[in-house]
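Down below is the structure, laid out as structure tokens.
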Amino acid sequence: QVQLVESGGGLVQAGGSLRLSCAASGRTFSSYAMGWFRQAPGKEREFVAGISKSGVSTGYADSVRSRFTISRGNAKNTVYLQMNSLKPEDTAVYYCAAEPATGKSMNYYPRMPLSYDYWGQGTQVTVSS
């Protein structure tokens, strides 16, 4: 089992940047595919970015591609989401998620929330216009 704790959210003006971090407990972090999701009020939770257990494969939602970057530091048991050129529509609670990937492709990362077994508590990101 793994526990996830997000940090780095806050209030920022449009065009600004934030860096979210997700710290994972346990000694098998490098065997998990990781994802970032977000949920705005009244909307469903949506995929933002994913990264494979090895870090060699990443993917993004169309709405954030070229503005957000996901990365991971397996030695630090941490996954990051660098968010640049933020827009008011990026306002949401951002969640980190982990999915065991032992025995799966080095490129594997799910895009569906239901595919992930473990979730953090979320961190609020608010972008003002």
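Ordered as shown in the structure tokens, chains take letters A, B, and onward, while each chain numbers its residues from 1 and ligands are numbered from 1 in the order shown.
The list of residues with at least one atom within 8 Å of A:Ala23, based on only C-alpha atoms and without residues fewer than 3 positions apart in the same chain, reads Leu4, Val5, Glu6, Lys76, Asn77, Thr78 and Val79 of chain A.
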As a ChimeraX atom specification, please: the residues near stretch 12-18 of chain A (cut-off 12 Å, only C-alpha atoms, same-chain neighbours under 5 positions excluded). /A:7,67-69,80-91,94,123-129
Can you list, as a ChimeraX atom specification, every protein, DNA or RNA residue that comes within 7 Å of stretch 24-34 of chain A when you count only C-alpha atoms, leaving out same-chain residues fewer than 4 positions away? /A:2-5,50-54,74,77-78,97-102,108-109
Export, as a CSV table (one decimal), in the first residue's frame, the selected residues with N, CA, C and O atoms.
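Full text of out.csv as output:
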```
chain,number,residue,atom,x,y,z
A,2,VAL,N,0.4,2.3,-0.6
A,2,VAL,CA,1.1,3.6,-0.6
A,2,VAL,C,0.2,4.7,-0.2
A,2,VAL,O,-1.0,4.7,-0.5
A,3,GLN,N,0.8,5.7,0.5
A,3,GLN,CA,0.1,6.9,0.9
A,3,GLN,C,0.7,8.0,0.1
A,3,GLN,O,1.9,8.1,0.0
A,4,LEU,N,-0.2,8.9,-0.3
A,4,LEU,CA,0.2,10.1,-1.2
A,4,LEU,C,-0.2,11.4,-0.5
A,4,LEU,O,-1.3,11.5,0.0
A,5,VAL,N,0.7,12.3,-0.5
A,5,VAL,CA,0.4,13.6,0.0
A,5,VAL,C,0.9,14.7,-1.0
A,5,VAL,O,2.0,14.8,-1.3
A,50,GLY,N,0.1,11.9,-16.9
A,50,GLY,CA,0.5,10.6,-16.4
A,50,GLY,C,2.0,10.3,-16.7
A,50,GLY,O,2.5,10.8,-17.7
A,51,ILE,N,2.6,9.4,-15.9
A,51,ILE,CA,4.0,9.1,-16.1
A,51,ILE,C,4.2,7.6,-15.7
A,51,ILE,O,3.6,7.2,-14.7
A,52,SER,N,4.9,6.9,-16.5
A,52,SER,CA,5.2,5.5,-16.3
A,52,SER,C,6.1,5.3,-15.1
A,52,SER,O,6.8,6.2,-14.7
A,53,LYS,N,6.2,4.1,-14.7
A,53,LYS,CA,7.0,3.8,-13.5
A,53,LYS,C,8.5,4.1,-13.7
A,53,LYS,O,9.2,4.5,-12.8
A,54,SER,N,8.9,4.0,-14.9
A,54,SER,CA,10.3,4.3,-15.3
A,54,SER,C,10.6,5.8,-15.5
A,54,SER,O,11.7,6.2,-15.5
A,74,ASN,N,12.4,9.1,-8.5
A,74,ASN,CA,12.2,7.8,-7.7
A,74,ASN,C,13.0,7.7,-6.5
A,74,ASN,O,12.6,7.1,-5.5
A,77,ASN,N,10.9,9.4,-4.0
A,77,ASN,CA,9.5,9.0,-3.9
A,77,ASN,C,8.5,10.1,-4.1
A,77,ASN,O,7.5,10.3,-3.4
A,78,THR,N,8.8,10.9,-5.1
A,78,THR,CA,8.0,12.1,-5.4
A,78,THR,C,7.7,12.3,-6.9
A,78,THR,O,8.6,12.0,-7.7
A,97,ALA,N,-2.3,10.3,-8.0
A,97,ALA,CA,-2.8,9.0,-7.9
A,97,ALA,C,-1.7,8.0,-8.3
A,97,ALA,O,-0.8,8.3,-9.1
A,98,ALA,N,-1.8,6.8,-7.8
A,98,ALA,CA,-0.8,5.8,-8.0
A,98,ALA,C,-1.4,4.5,-8.4
A,98,ALA,O,-2.5,4.1,-7.8
A,99,GLU,N,-0.8,3.8,-9.3
A,99,GLU,CA,-1.3,2.5,-9.8
A,99,GLU,C,-0.1,1.5,-9.9
A,99,GLU,O,0.9,1.8,-10.5
A,100,PRO,N,-0.3,0.4,-9.2
A,100,PRO,CA,0.8,-0.7,-9.2
A,100,PRO,C,1.1,-1.1,-10.7
A,100,PRO,O,0.1,-1.4,-11.4
A,101,ALA,N,2.3,-1.1,-11.1
A,101,ALA,CA,2.6,-1.4,-12.5
A,101,ALA,C,3.6,-2.6,-12.6
A,101,ALA,O,4.3,-2.7,-13.6
A,102,THR,N,3.8,-3.3,-11.5
A,102,THR,CA,4.7,-4.5,-11.6
A,102,THR,C,4.2,-5.5,-12.7
A,102,THR,O,3.0,-5.8,-12.7
A,108,TYR,N,3.7,2.1,-19.4
A,108,TYR,CA,2.3,2.0,-18.9
A,108,TYR,C,2.0,3.1,-18.0
A,108,TYR,O,2.7,3.4,-17.0
A,109,TYR,N,0.9,3.9,-18.2
A,109,TYR,CA,0.3,4.8,-17.3
A,109,TYR,C,-1.2,4.9,-17.7
A,109,TYR,O,-1.5,5.2,-18.8
```
Picked from chain A by DSSP as helix (DSSP H, G or I), as a PyMOL selection string: chain A and resi 29-31+74-76+88-90+113-115
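Rounded to one decimal, atom CA of A:Val48 and atom CA of A:Trp36 lie 5.4 Å from each other.
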Polymer residues at most 6 Å from A:Arg38, only C-alpha atoms, same-chain spacing of 5 or more positions, as a compact mmCIF listing (two decimals) with C-alpha atoms, in the first residue's frame:
```txt
# COMPACT_ATOMS: atom_id res chain seq x y z
CA ARG A 45 -12.53 14.29 -12.18
CA GLU A 46 -10.36 14.52 -15.27
CA ALA A 92 -9.56 22.92 -9.52
CA VAL A 93 -8.53 20.55 -6.78
CA TYR A 94 -5.55 18.59 -8.08
CA TYR A 95 -5.08 14.98 -7.06
```
All strand (DSSP E or B) residues (DSSP, backbone) inside chain A, as a PyMOL selection string: chain A and resi 4-7+10-13+18-24+32-39+46-51+58-60+68-73+78-83+92-100+118-119+123-128
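Our summary of the geometry notes that atom CA of A:Tyr116 is positioned 8.3 Å from atom CA of A:Gly35.
Between atom CA of A:Tyr118 and atom CA of A:Gln39 the interatomic distance comes to 16.2 Å.
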Contacts of A:Ala49 within 8 Å, only C-alpha atoms, excl. fewer than 3 positions in-chain, as a PyMOL selection string: chain A and resi 35-37+58-61+69-70+111
